[in-house]
file upload_7.json (JSON, C-alpha atoms (C1' of nucleotides))
[["chain", "number", "residue", "atom", "x", "y", "z"],
["A", 1450, "MET", "CA", 0.00, 0.00, 0.00],
["A", 1451, "ALA", "CA", 2.95, 2.21, -0.63],
["A", 1452, "ALA", "CA", 3.66, 5.30, 1.40],
["A", 1453, "ARG", "CA", 0.39, 5.90, 3.14],
["A", 1454, "THR", "CA", 0.69, 8.09, 6.18],
["A", 1455, "SER", "CA", -2.64, 6.96, 7.57],
["A", 1456, "HIS", "CA", -4.41, 3.67, 8.03],
["A", 1457, "ARG", "CA", -7.83, 5.24, 8.20],
["A", 1458, "SER", "CA", -10.11, 4.45, 5.28],
["A", 1459, "ALA", "CA", -9.82, 7.19, 2.70],
["A", 1460, "PRO", "CA", -13.00, 9.22, 2.23],
["A", 1461, "ALA", "CA", -15.02, 8.65, -0.93],
["A", 1462, "HIS", "CA", -14.60, 11.42, -3.45],
["A", 1463, "THR", "CA", -16.78, 12.51, -6.34],
["A", 1464, "HIS", "CA", -15.26, 14.08, -9.39],
["A", 1465, "PRO", "CA", -16.89, 17.35, -10.49],
["A", 1466, "ASP", "CA", -17.66, 15.72, -13.85],
["A", 1467, "ASP", "CA", -20.06, 13.39, -12.08],
["A", 1468, "VAL", "CA", -21.84, 16.20, -10.26],
["A", 1469, "ALA", "CA", -25.13, 17.69, -11.44],
["A", 1470, "VAL", "CA", -25.49, 21.45, -11.66],
["A", 1471, "GLN", "CA", -28.24, 21.35, -9.11],
["A", 1472, "ALA", "CA", -26.08, 19.51, -6.59],
["A", 1473, "ALA", "CA", -23.27, 22.00, -7.06],
["A", 1474, "LEU", "CA", -25.60, 24.93, -6.51],
["A", 1475, "ALA", "CA", -27.18, 23.31, -3.47],
["A", 1476, "ALA", "CA", -23.75, 22.68, -1.97],
["A", 1477, "LEU", "CA", -22.81, 26.34, -2.35],
["A", 1478, "ALA", "CA", -26.17, 27.70, -1.23],
["A", 1479, "ASP", "CA", -25.41, 27.08, 2.43],
["A", 1480, "PRO", "CA", -23.81, 29.92, 4.42],
["A", 1481, "VAL", "CA", -21.46, 27.71, 6.39],
["A", 1482, "ARG", "CA", -20.24, 25.83, 3.33],
["A", 1483, "LEU", "CA", -19.85, 29.10, 1.48],
["A", 1484, "GLN", "CA", -17.59, 30.34, 4.24],
["A", 1485, "LEU", "CA", -15.59, 27.13, 4.24],
["A", 1486, "VAL", "CA", -14.98, 27.35, 0.50],
["A", 1487, "ARG", "CA", -14.02, 31.00, 0.72],
["A", 1488, "GLU", "CA", -11.57, 30.50, 3.56],
["A", 1489, "LEU", "CA", -10.18, 27.43, 1.88],
["A", 1490, "ALA", "CA", -9.53, 29.44, -1.26],
["A", 1491, "LYS", "CA", -7.38, 31.92, 0.63],
["A", 1492, "THR", "CA", -4.73, 29.44, 1.69],
["A", 1493, "ASP", "CA", -2.47, 26.94, 0.03],
["A", 1494, "ASP", "CA", -3.60, 23.41, -0.73],
["A", 1495, "TRP", "CA", -3.23, 20.76, 1.96],
["A", 1496, "THR", "CA", -2.73, 23.27, 4.73],
["A", 1497, "ARG", "CA", -6.14, 23.51, 6.36],
["A", 1498, "THR", "CA", -7.57, 20.85, 8.60],
["A", 1499, "CYS", "CA", -11.27, 20.37, 9.14],
["A", 1500, "GLY", "CA", -11.21, 21.93, 12.57],
["A", 1501, "SER", "CA", -9.14, 24.96, 11.64],
["A", 1502, "PHE", "CA", -12.07, 26.93, 10.34],
["A", 1503, "ASP", "CA", -13.78, 29.64, 12.32],
["A", 1504, "VAL", "CA", -17.33, 28.53, 11.65],
["A", 1505, "PRO", "CA", -20.22, 28.99, 14.09],
["A", 1506, "VAL", "CA", -21.04, 25.29, 14.27],
["A", 1507, "GLY", "CA", -19.76, 22.27, 16.13],
["A", 1508, "LYS", "CA", -17.20, 19.89, 14.71],
["A", 1509, "ALA", "CA", -19.82, 17.28, 13.88],
["A", 1510, "ALA", "CA", -21.73, 19.70, 11.68],
["A", 1511, "CYS", "CA", -18.47, 20.88, 10.15],
["A", 1512, "SER", "CA", -17.53, 17.32, 9.30],
["A", 1513, "HIS", "CA", -20.93, 16.90, 7.69],
["A", 1514, "HIS", "CA", -20.46, 20.01, 5.57],
["A", 1515, "PHE", "CA", -17.12, 18.77, 4.31],
["A", 1516, "ALA", "CA", -18.77, 15.52, 3.31],
["A", 1517, "VAL", "CA", -21.26, 17.53, 1.26],
["A", 1518, "LEU", "CA", -18.52, 19.59, -0.36],
["A", 1519, "ARG", "CA", -16.67, 16.38, -1.13],
["A", 1520, "ALA", "CA", -19.76, 14.87, -2.76],
["A", 1521, "ALA", "CA", -20.17, 18.03, -4.83],
["A", 1522, "GLY", "CA", -16.63, 17.72, -6.14],
["A", 1523, "LEU", "CA", -15.55, 20.93, -4.46],
["A", 1524, "VAL", "CA", -12.92, 19.68, -2.06],
["A", 1525, "GLU", "CA", -10.48, 16.83, -1.87],
["A", 1526, "GLN", "CA", -9.31, 15.35, 1.41],
["A", 1527, "ARG", "CA", -6.17, 13.49, 2.34],
["A", 1528, "ASP", "CA", -5.23, 11.89, 5.61],
["A", 1529, "GLU", "CA", -1.95, 12.82, 7.17],
["A", 1530, "GLY", "CA", -1.51, 11.23, 10.50],
["A", 1531, "ALA", "CA", -4.34, 12.13, 12.79],
["A", 1532, "ARG", "CA", -5.33, 15.10, 10.67],
["A", 1533, "ARG", "CA", -7.37, 15.28, 7.49],
["A", 1534, "LEU", "CA", -6.06, 17.92, 5.15],
["A", 1535, "ASN", "CA", -8.18, 19.71, 2.58],
["A", 1536, "ARG", "CA", -7.74, 21.13, -0.87],
["A", 1537, "LEU", "CA", -10.09, 23.13, -3.04],
["A", 1538, "ARG", "CA", -10.48, 21.46, -6.42],
["A", 1539, "ARG", "CA", -10.14, 24.69, -8.36],
["A", 1540, "ALA", "CA", -9.12, 23.37, -11.75],
["A", 1541, "GLU", "CA", -11.45, 20.39, -11.96],
["A", 1542, "PHE", "CA", -14.43, 22.29, -10.68],
["A", 1543, "GLU", "CA", -13.70, 25.21, -12.95],
["A", 1544, "ALA", "CA", -13.52, 22.86, -15.93],
["A", 1545, "ARG", "CA", -16.90, 21.41, -15.08],
["A", 1546, "PHE", "CA", -18.64, 24.64, -14.02],
["A", 1547, "PRO", "CA", -16.75, 27.52, -15.62],
["A", 1548, "GLY", "CA", -17.07, 30.74, -13.68],
["A", 1549, "LEU", "CA", -19.06, 29.37, -10.78],
["A", 1550, "LEU", "CA", -16.19, 29.25, -8.35],
["A", 1551, "GLY", "CA", -15.19, 32.74, -9.37],
["A", 1552, "LEU", "CA", -18.65, 34.06, -8.63],
["A", 1553, "VAL", "CA", -18.65, 32.51, -5.20],
["A", 1554, "LEU", "CA", -15.22, 33.80, -4.29],
["A", 1555, "ARG", "CA", -15.98, 37.39, -5.19],
["A", 1556, "GLU", "CA", -15.89, 39.94, -2.41],
["A", 1557, "ASP", "CA", -19.39, 41.33, -2.78],
["A", 1558, "GLY", "CA", -22.44, 39.53, -1.46],
["B", 1358, "MET", "CA", -51.98, 55.77, -14.38],
["B", 1359, "ALA", "CA", -51.32, 55.94, -18.10],
["B", 1360, "ALA", "CA", -51.98, 52.95, -20.33],
["B", 1361, "ARG", "CA", -52.10, 50.13, -17.81],
["B", 1362, "THR", "CA", -53.79, 47.01, -19.07],
["B", 1363, "SER", "CA", -54.38, 45.74, -15.58],
["B", 1364, "HIS", "CA", -55.61, 47.18, -12.34],
["B", 1365, "ARG", "CA", -54.06, 44.49, -10.21],
["B", 1366, "SER", "CA", -51.22, 45.60, -8.00],
["B", 1367, "ALA", "CA", -47.95, 45.00, -9.76],
["B", 1368, "PRO", "CA", -45.73, 42.38, -8.13],
["B", 1369, "ALA", "CA", -42.67, 43.58, -6.25],
["B", 1370, "HIS", "CA", -39.46, 43.01, -8.16],
["B", 1371, "THR", "CA", -35.88, 42.79, -7.00],
["B", 1372, "HIS", "CA", -33.06, 43.83, -9.26],
["B", 1373, "PRO", "CA", -30.26, 41.27, -9.60],
["B", 1374, "ASP", "CA", -27.85, 43.91, -8.28],
["B", 1375, "ASP", "CA", -29.61, 43.71, -4.93],
["B", 1376, "VAL", "CA", -29.42, 39.94, -4.76],
["B", 1377, "ALA", "CA", -26.79, 38.05, -2.79],
["B", 1378, "VAL", "CA", -24.92, 35.20, -4.43],
["B", 1379, "GLN", "CA", -26.29, 32.79, -1.90],
["B", 1380, "ALA", "CA", -29.87, 33.79, -2.67],
["B", 1381, "ALA", "CA", -29.28, 33.35, -6.38],
["B", 1382, "LEU", "CA", -27.80, 29.89, -5.86],
["B", 1383, "ALA", "CA", -30.61, 28.87, -3.53],
["B", 1384, "ALA", "CA", -33.20, 30.02, -6.06],
["B", 1385, "LEU", "CA", -31.62, 27.86, -8.77],
["B", 1386, "ALA", "CA", -30.98, 24.85, -6.55],
["B", 1387, "ASP", "CA", -34.60, 23.76, -6.69],
["B", 1388, "PRO", "CA", -35.58, 21.26, -9.42],
["B", 1389, "VAL", "CA", -38.92, 22.89, -10.18],
["B", 1390, "ARG", "CA", -37.47, 26.39, -10.42],
["B", 1391, "LEU", "CA", -34.62, 25.08, -12.53],
["B", 1392, "GLN", "CA", -37.15, 23.66, -14.96],
["B", 1393, "LEU", "CA", -39.11, 26.90, -15.01],
["B", 1394, "VAL", "CA", -36.01, 28.93, -15.84],
["B", 1395, "ARG", "CA", -34.95, 26.49, -18.53],
["B", 1396, "GLU", "CA", -38.33, 26.42, -20.22],
["B", 1397, "LEU", "CA", -38.60, 30.16, -19.90],
["B", 1398, "ALA", "CA", -35.28, 30.56, -21.66],
["B", 1399, "LYS", "CA", -36.50, 28.62, -24.68],
["B", 1400, "THR", "CA", -39.25, 31.03, -25.62],
["B", 1401, "ASP", "CA", -39.57, 34.71, -26.35],
["B", 1402, "ASP", "CA", -40.07, 37.27, -23.61],
["B", 1403, "TRP", "CA", -43.60, 38.00, -22.43],
["B", 1404, "THR", "CA", -45.07, 34.91, -24.04],
["B", 1405, "ARG", "CA", -45.32, 32.45, -21.15],
["B", 1406, "THR", "CA", -47.93, 32.69, -18.45],
["B", 1407, "CYS", "CA", -47.47, 31.24, -15.01],
["B", 1408, "GLY", "CA", -49.75, 28.30, -15.66],
["B", 1409, "SER", "CA", -48.32, 27.39, -19.06],
["B", 1410, "PHE", "CA", -45.46, 25.37, -17.63],
["B", 1411, "ASP", "CA", -45.48, 21.61, -17.45],
["B", 1412, "VAL", "CA", -44.31, 21.29, -13.89],
["B", 1413, "PRO", "CA", -45.33, 18.48, -11.55],
["B", 1414, "VAL", "CA", -46.78, 20.78, -8.92],
["B", 1415, "GLY", "CA", -50.04, 22.61, -8.35],
["B", 1416, "LYS", "CA", -50.62, 26.19, -9.33],
["B", 1417, "ALA", "CA", -50.19, 27.41, -5.75],
["B", 1418, "ALA", "CA", -46.70, 25.99, -5.55],
["B", 1419, "CYS", "CA", -45.92, 27.30, -9.02],
["B", 1420, "SER", "CA", -46.98, 30.77, -8.01],
["B", 1421, "HIS", "CA", -44.73, 30.50, -4.98],
["B", 1422, "HIS", "CA", -41.76, 29.48, -7.12],
["B", 1423, "PHE", "CA", -42.24, 32.46, -9.39],
["B", 1424, "ALA", "CA", -42.23, 34.70, -6.36],
["B", 1425, "VAL", "CA", -38.88, 33.23, -5.36],
["B", 1426, "LEU", "CA", -37.47, 33.67, -8.86],
["B", 1427, "ARG", "CA", -38.72, 37.25, -8.82],
["B", 1428, "ALA", "CA", -37.03, 37.92, -5.48],
["B", 1429, "ALA", "CA", -33.81, 36.46, -6.87],
["B", 1430, "GLY", "CA", -33.89, 38.85, -9.80],
["B", 1431, "LEU", "CA", -34.30, 36.05, -12.29],
["B", 1432, "VAL", "CA", -37.68, 36.84, -13.78],
["B", 1433, "GLU", "CA", -39.80, 39.89, -14.40],
["B", 1434, "GLN", "CA", -43.56, 39.78, -14.48],
["B", 1435, "ARG", "CA", -46.08, 42.00, -16.16],
["B", 1436, "ASP", "CA", -49.82, 41.91, -15.97],
["B", 1437, "GLU", "CA", -51.77, 41.81, -19.19],
["B", 1438, "GLY", "CA", -55.43, 41.45, -18.58],
["B", 1439, "ALA", "CA", -56.16, 38.40, -16.53],
["B", 1440, "ARG", "CA", -52.79, 36.87, -17.31],
["B", 1441, "ARG", "CA", -49.37, 37.49, -15.81],
["B", 1442, "LEU", "CA", -46.66, 37.28, -18.41],
["B", 1443, "ASN", "CA", -43.07, 36.40, -17.63],
["B", 1444, "ARG", "CA", -39.67, 37.30, -18.90],
["B", 1445, "LEU", "CA", -36.24, 35.93, -18.03],
["B", 1446, "ARG", "CA", -33.95, 38.79, -17.01],
["B", 1447, "ARG", "CA", -31.03, 37.52, -19.05],
["B", 1448, "ALA", "CA", -29.00, 40.69, -19.43],
["B", 1449, "GLU", "CA", -29.37, 42.05, -15.90],
["B", 1450, "PHE", "CA", -28.76, 38.71, -14.27],
["B", 1451, "GLU", "CA", -25.80, 38.02, -16.52],
["B", 1452, "ALA", "CA", -24.30, 41.37, -15.60],
["B", 1453, "ARG", "CA", -24.61, 40.60, -11.91],
["B", 1454, "PHE", "CA", -23.62, 36.92, -12.03],
["B", 1455, "PRO", "CA", -21.62, 36.39, -15.23],
["B", 1456, "GLY", "CA", -21.83, 32.85, -16.51],
["B", 1457, "LEU", "CA", -24.28, 31.55, -13.96],
["B", 1458, "LEU", "CA", -27.28, 31.58, -16.24],
["B", 1459, "GLY", "CA", -25.24, 29.93, -18.94],
["B", 1460, "LEU", "CA", -24.26, 27.10, -16.62],
["B", 1461, "VAL", "CA", -27.84, 26.49, -15.65],
["B", 1462, "LEU", "CA", -29.12, 26.49, -19.21],
["B", 1463, "ARG", "CA", -26.62, 23.95, -20.46],
["B", 1464, "GLU", "CA", -27.92, 20.67, -21.73],
["B", 1465, "ASP", "CA", -26.00, 18.33, -19.46],
["B", 1466, "GLY", "CA", -27.00, 17.67, -15.87],
["C", 703, "DT", "C1'", 0.48, 2.68, 27.51],
["C", 704, "DG", "C1'", -2.09, 6.33, 28.56],
["C", 705, "DG", "C1'", -3.79, 10.93, 27.39],
["C", 706, "DA", "C1'", -4.62, 14.62, 24.19],
["C", 707, "DG", "C1'", -6.06, 15.99, 19.72],
["C", 708, "DT", "C1'", -8.74, 15.16, 15.59],
["C", 709, "DG", "C1'", -12.44, 13.55, 12.88],
["C", 710, "DT", "C1'", -16.48, 10.35, 12.00],
["C", 711, "DA", "C1'", -20.88, 7.81, 13.10],
["C", 712, "DA", "C1'", -25.27, 7.37, 15.25],
["C", 713, "DG", "C1'", -29.42, 9.09, 17.22],
["C", 714, "DA", "C1'", -32.47, 12.88, 18.31],
["C", 715, "DT", "C1'", -34.27, 17.44, 17.70],
["C", 716, "DC", "C1'", -35.63, 21.47, 15.36],
["C", 717, "DG", "C1'", -36.68, 24.78, 11.70],
["C", 718, "DG", "C1'", -37.49, 25.83, 7.19],
["C", 719, "DC", "C1'", -39.29, 24.98, 2.81],
["C", 720, "DA", "C1'", -42.06, 22.70, -0.71],
["C", 721, "DT", "C1'", -46.52, 21.24, -1.33],
["C", 722, "DC", "C1'", -51.53, 21.02, -1.17],
["C", 723, "DG", "C1'", -56.45, 22.38, -0.73],
["C", 724, "DA", "C1'", -59.56, 25.90, -0.32],
["C", 725, "DA", "C1'", -60.90, 30.51, -0.46],
["C", 726, "DC", "C1'", -60.46, 34.86, -2.58],
["C", 727, "DA", "C1'", -59.49, 38.61, -6.21],
["C", 728, "DC", "C1'", -59.28, 40.06, -10.81],
["C", 729, "DT", "C1'", -60.24, 39.97, -15.98],
["C", 730, "DC", "C1'", -62.61, 38.73, -19.97],
["C", 731, "DG", "C1'", -66.39, 37.17, -22.97],
["C", 732, "DC", "C1'", -71.16, 35.85, -23.25],
["D", 720, "DG", "C1'", -74.23, 40.45, -14.30],
["D", 721, "DC", "C1'", -72.52, 35.75, -14.58],
["D", 722, "DG", "C1'", -69.39, 32.06, -15.36],
["D", 723, "DA", "C1'", -64.92, 30.56, -16.87],
["D", 724, "DG", "C1'", -60.08, 31.20, -16.61],
["D", 725, "DT", "C1'", -55.98, 32.78, -14.15],
["D", 726, "DG", "C1'", -53.18, 33.70, -10.28],
["D", 727, "DT", "C1'", -52.38, 34.91, -5.22],
["D", 728, "DT", "C1'", -52.95, 34.13, -0.24],
["D", 729, "DC", "C1'", -53.76, 31.51, 3.81],
["D", 730, "DG", "C1'", -53.43, 27.64, 6.91],
["D", 731, "DA", "C1'", -51.92, 23.09, 7.51],
["D", 732, "DT", "C1'", -49.00, 19.24, 6.56],
["D", 733, "DG", "C1'", -44.91, 16.51, 5.53],
["D", 734, "DC", "C1'", -40.29, 16.03, 4.65],
["D", 735, "DC", "C1'", -35.46, 16.99, 4.31],
["D", 736, "DG", "C1'", -31.43, 19.03, 6.00],
["D", 737, "DA", "C1'", -28.70, 21.51, 9.59],
["D", 738, "DT", "C1'", -27.41, 21.11, 14.18],
["D", 739, "DC", "C1'", -26.25, 19.08, 18.71],
["D", 740, "DT", "C1'", -24.74, 15.55, 21.98],
["D", 741, "DT", "C1'", -22.64, 11.46, 22.77],
["D", 742, "DA", "C1'", -19.84, 7.79, 21.69],
["D", 743, "DC", "C1'", -16.31, 5.75, 19.05],
["D", 744, "DA", "C1'", -11.94, 5.17, 16.11],
["D", 745, "DC", "C1'", -7.51, 6.58, 15.00],
["D", 746, "DT", "C1'", -2.86, 8.98, 15.47],
["D", 747, "DC", "C1'", 0.71, 11.14, 17.85],
["D", 748, "DC", "C1'", 3.62, 12.00, 21.75],
["D", 749, "DA", "C1'", 5.27, 11.78, 26.41]]

call {"tool": "encode", "arguments": {"input": "upload_7.json", "output": "structure tokens"}}
result
Amino acid sequence: MAARTSHRSAPAHTHPDDVAVQAALAALADPVRLQLVRELAKTDDWTRTCGSFDVPVGKAACSHHFAVLRAAGLVEQRDEGARRLNRLRRAEFEARFPGLLGLVLREDG
Amino acid sequence: MAARTSHRSAPAHTHPDDVAVQAALAALADPVRLQLVRELAKTDDWTRTCGSFDVPVGKAACSHHFAVLRAAGLVEQRDEGARRLNRLRRAEFEARFPGLLGLVLREDG
DNA sequence: TGGAGTGTAAGATCGGCATCGAACACTCGC
DNA sequence: GCGAGTGTTCGATGCCGATCTTACACTCCA
């Protein structure tokens, strides 16, 4: 199994190509998830852990939101030791839904 | 009151500029509303009435959905006699959320 | 090996939204 | 005026999703 840092089962990912427009919109229509995506976009890939976000919800809810973002093809997760690192799938998502990520990351409401 | 065809109170409209991204996404994340927008895009402006859509819901729900689309700056309505005609606000919405309407109107899921 | 830190899973609760049925308002043609 | 057609509003209902608490699994480090 090569150089795996973790023995935890890797989370199931969905490629943006397999995501319906409606699912993508629904994923981004939630305020908490919107904040997660925006904060995630501000930092480098594989630097933010699930619990490092300043969201007004508990860790269980936060974990749930990341599962939704994963299913929508918006984020990718990788285990590194006890932590689960995240990455925004900019390129793939942009290829599937051109412009959508840009709209969401704009400053204005 | 000039040349009004109707005496019914005109529905309240919201300009896309006053709509938050999240509200726009939420409006389009519903399957029925998505269908309404798509069908509306296929025909000329001011030709479709509220009840002329083949949606799997009653007229009360349909009326509600049009109110949501109106509040999201997606459609404009105009009374003409007993009927309420609709128009997709392509240009204004495109100016506010570039590319979003195009994504939604694409053929693929 | 034990404790701290991190994330997930399960079960319960709660609120919001989509929907419906019925009643009402308005317009048009007879 | 009356009936048909069209659309909105109201109240009630049902369901899905967001959230919490608790418990569990896993990793790291002392």

call {"tool": "residues_around", "arguments": {"input": "upload_7.json", "residues": "Ser1458 in chain A", "least_positions_apart": "6", "cutoff": "12 Å", "atoms": "only C-alpha atoms (C1' of nucleotides)", "output": "PyMOL selection string"}}
result
(chain A and resi 1526-1529+1533) or (chain C and resi 710) or (chain D and resi 744-745)

call {"tool": "write_last_selection", "arguments": {"input": "upload_7.json", "atoms": "C-alpha atoms (C1' of nucleotides)", "output": "JSON list (two decimals), in the coordinates of the input"}}
result
[["chain", "number", "residue", "atom", "x", "y", "z"],
["A", 1526, "GLN", "CA", -9.31, 15.35, 1.41],
["A", 1527, "ARG", "CA", -6.17, 13.49, 2.34],
["A", 1528, "ASP", "CA", -5.23, 11.89, 5.61],
["A", 1529, "GLU", "CA", -1.95, 12.82, 7.17],
["A", 1533, "ARG", "CA", -7.37, 15.28, 7.49],
["C", 710, "DT", "C1'", -16.48, 10.35, 12.00],
["D", 744, "DA", "C1'", -11.94, 5.17, 16.11],
["D", 745, "DC", "C1'", -7.51, 6.58, 15.00]]

call {"tool": "axis_aligned_box", "arguments": {"input": "upload_7.json", "around": "range 724-732 of chain C", "padding_each_side": "6 Å", "output": "JSON"}}
result
{"center_x": -65.2, "center_y": 33.0, "center_z": -11.8, "size_x": 23.9, "size_y": 26.2, "size_z": 34.9}

call {"tool": "interface_residues", "arguments": {"input": "upload_7.json", "of": "chain C", "to": "chain A", "cutoff": "10 Å", "atoms": "all atoms listed in the file", "output": "number ranges by chain"}}
result
C: 707-711

call {"tool": "closest_residue", "arguments": {"input": "upload_7.json", "among": "A:Leu1483, A:Ala1461, A:Ala1469, A:Ala1478", "to": "Arg1545 in chain A", "atoms": "all atoms listed in the file"}}
result
A:Ala1469

call {"tool": "interface_residues", "arguments": {"input": "upload_7.json", "of": "chain B", "to": "chain A", "cutoff": "10 Å", "atoms": "all atoms listed in the file", "output": "mmCIF file with C-alpha atoms, in the coordinates of the input"}}
result
data_model
loop_
_atom_site.group_PDB
_atom_site.id
_atom_site.type_symbol
_atom_site.label_atom_id
_atom_site.label_comp_id
_atom_site.auth_asym_id
_atom_site.auth_seq_id
_atom_site.Cartn_x
_atom_site.Cartn_y
_atom_site.Cartn_z
ATOM 1 C CA ASP B 1374 -27.850 43.910 -8.280
ATOM 2 C CA ASP B 1375 -29.610 43.710 -4.930
ATOM 3 C CA VAL B 1376 -29.420 39.940 -4.760
ATOM 4 C CA ALA B 1377 -26.790 38.050 -2.790
ATOM 5 C CA VAL B 1378 -24.920 35.200 -4.430
ATOM 6 C CA GLN B 1379 -26.290 32.790 -1.900
ATOM 7 C CA ALA B 1380 -29.870 33.790 -2.670
ATOM 8 C CA ALA B 1381 -29.280 33.350 -6.380
ATOM 9 C CA LEU B 1382 -27.800 29.890 -5.860
ATOM 10 C CA ALA B 1383 -30.610 28.870 -3.530
ATOM 11 C CA ALA B 1384 -33.200 30.020 -6.060
ATOM 12 C CA LEU B 1385 -31.620 27.860 -8.770
ATOM 13 C CA ALA B 1386 -30.980 24.850 -6.550
ATOM 14 C CA ASP B 1387 -34.600 23.760 -6.690
ATOM 15 C CA PRO B 1388 -35.580 21.260 -9.420
ATOM 16 C CA LEU B 1391 -34.620 25.080 -12.530
ATOM 17 C CA ARG B 1453 -24.610 40.600 -11.910
ATOM 18 C CA PHE B 1454 -23.620 36.920 -12.030
ATOM 19 C CA PRO B 1455 -21.620 36.390 -15.230
ATOM 20 C CA GLY B 1456 -21.830 32.850 -16.510
ATOM 21 C CA LEU B 1457 -24.280 31.550 -13.960
ATOM 22 C CA GLY B 1459 -25.240 29.930 -18.940
ATOM 23 C CA LEU B 1460 -24.260 27.100 -16.620
ATOM 24 C CA VAL B 1461 -27.840 26.490 -15.650
ATOM 25 C CA LEU B 1462 -29.120 26.490 -19.210
ATOM 26 C CA ARG B 1463 -26.620 23.950 -20.460
ATOM 27 C CA ASP B 1465 -26.000 18.330 -19.460
ATOM 28 C CA GLY B 1466 -27.000 17.670 -15.870
#

call {"tool": "atom_distance", "arguments": {"input": "upload_7.json", "atom1": "CA of Ala1520 in chain A", "atom2": "CA of Thr1463 in chain A"}}
result
5.2 Å

call {"tool": "interface_residues", "arguments": {"input": "upload_7.json", "of": "chain D", "to": "chain A", "cutoff": "10 Å", "atoms": "all atoms listed in the file", "output": "PyMOL selection string"}}
result
chain D and resi 737-740+744-747

call {"tool": "atom_distance", "arguments": {"input": "upload_7.json", "atom1": "CA of Lys1491 in chain A", "atom2": "CA of Arg1539 in chain A"}}
result
11.9 Å

call {"tool": "residues_around", "arguments": {"input": "upload_7.json", "residues": "DC729 in chain D", "least_positions_apart": "3", "cutoff": "12 Å", "atoms": "all atoms listed in the file", "output": "list of chain:residue names"}}
result
B:Ala1417, C:DC722, C:DG723, C:DA724, C:DA725, C:DC726

call {"tool": "atom_distance", "arguments": {"input": "upload_7.json", "atom1": "C1' of DG713 in chain C", "atom2": "CA of Val1486 in chain A"}}
result
28.7 Å

call {"tool": "build_atoms", "arguments": {"input": "upload_7.json", "residues": "range 1516-1530 of chain A", "atoms": "N, CA and C atoms", "output": "PDB file, in the frame of the given file"}}
result
ATOM      1  N   ALA A1516     -18.304  16.675   4.064  1.00  0.00           N
ATOM      2  CA  ALA A1516     -18.770  15.520   3.310  1.00  0.00           C
ATOM      3  C   ALA A1516     -19.618  15.970   2.121  1.00  0.00           C
ATOM      4  N   VAL A1517     -20.433  17.005   2.343  1.00  0.00           N
ATOM      5  CA  VAL A1517     -21.260  17.530   1.260  1.00  0.00           C
ATOM      6  C   VAL A1517     -20.391  18.162   0.175  1.00  0.00           C
ATOM      7  N   LEU A1518     -19.415  18.937   0.601  1.00  0.00           N
ATOM      8  CA  LEU A1518     -18.520  19.590  -0.360  1.00  0.00           C
ATOM      9  C   LEU A1518     -17.731  18.544  -1.153  1.00  0.00           C
ATOM     10  N   ARG A1519     -17.378  17.468  -0.469  1.00  0.00           N
ATOM     11  CA  ARG A1519     -16.670  16.380  -1.130  1.00  0.00           C
ATOM     12  C   ARG A1519     -17.575  15.756  -2.195  1.00  0.00           C
ATOM     13  N   ALA A1520     -18.819  15.493  -1.832  1.00  0.00           N
ATOM     14  CA  ALA A1520     -19.760  14.870  -2.760  1.00  0.00           C
ATOM     15  C   ALA A1520     -20.078  15.788  -3.939  1.00  0.00           C
ATOM     16  N   ALA A1521     -19.897  17.074  -3.745  1.00  0.00           N
ATOM     17  CA  ALA A1521     -20.170  18.030  -4.830  1.00  0.00           C
ATOM     18  C   ALA A1521     -18.928  18.259  -5.677  1.00  0.00           C
ATOM     19  N   GLY A1522     -17.852  17.570  -5.362  1.00  0.00           N
ATOM     20  CA  GLY A1522     -16.630  17.720  -6.140  1.00  0.00           C
ATOM     21  C   GLY A1522     -15.891  19.006  -5.882  1.00  0.00           C
ATOM     22  N   LEU A1523     -16.173  19.633  -4.744  1.00  0.00           N
ATOM     23  CA  LEU A1523     -15.550  20.930  -4.460  1.00  0.00           C
ATOM     24  C   LEU A1523     -14.247  20.827  -3.688  1.00  0.00           C
ATOM     25  N   VAL A1524     -14.141  19.826  -2.841  1.00  0.00           N
ATOM     26  CA  VAL A1524     -12.920  19.680  -2.060  1.00  0.00           C
ATOM     27  C   VAL A1524     -12.398  18.246  -2.143  1.00  0.00           C
ATOM     28  N   GLU A1525     -11.110  18.135  -1.927  1.00  0.00           N
ATOM     29  CA  GLU A1525     -10.480  16.830  -1.870  1.00  0.00           C
ATOM     30  C   GLU A1525      -9.826  16.718  -0.502  1.00  0.00           C
ATOM     31  N   GLN A1526      -9.868  15.524   0.077  1.00  0.00           N
ATOM     32  CA  GLN A1526      -9.310  15.350   1.410  1.00  0.00           C
ATOM     33  C   GLN A1526      -8.264  14.254   1.406  1.00  0.00           C
ATOM     34  N   ARG A1527      -7.261  14.441   2.253  1.00  0.00           N
ATOM     35  CA  ARG A1527      -6.170  13.490   2.340  1.00  0.00           C
ATOM     36  C   ARG A1527      -5.777  13.337   3.792  1.00  0.00           C
ATOM     37  N   ASP A1528      -5.604  12.125   4.220  1.00  0.00           N
ATOM     38  CA  ASP A1528      -5.230  11.890   5.610  1.00  0.00           C
ATOM     39  C   ASP A1528      -3.723  12.005   5.781  1.00  0.00           C
ATOM     40  N   GLU A1529      -3.369  12.724   6.825  1.00  0.00           N
ATOM     41  CA  GLU A1529      -1.950  12.820   7.170  1.00  0.00           C
ATOM     42  C   GLU A1529      -1.842  12.678   8.671  1.00  0.00           C
ATOM     43  N   GLY A1530      -1.536  11.490   9.073  1.00  0.00           N
ATOM     44  CA  GLY A1530      -1.510  11.230  10.500  1.00  0.00           C
ATOM     45  C   GLY A1530      -2.907  11.319  11.065  1.00  0.00           C
TER      46      GLY A1530
END
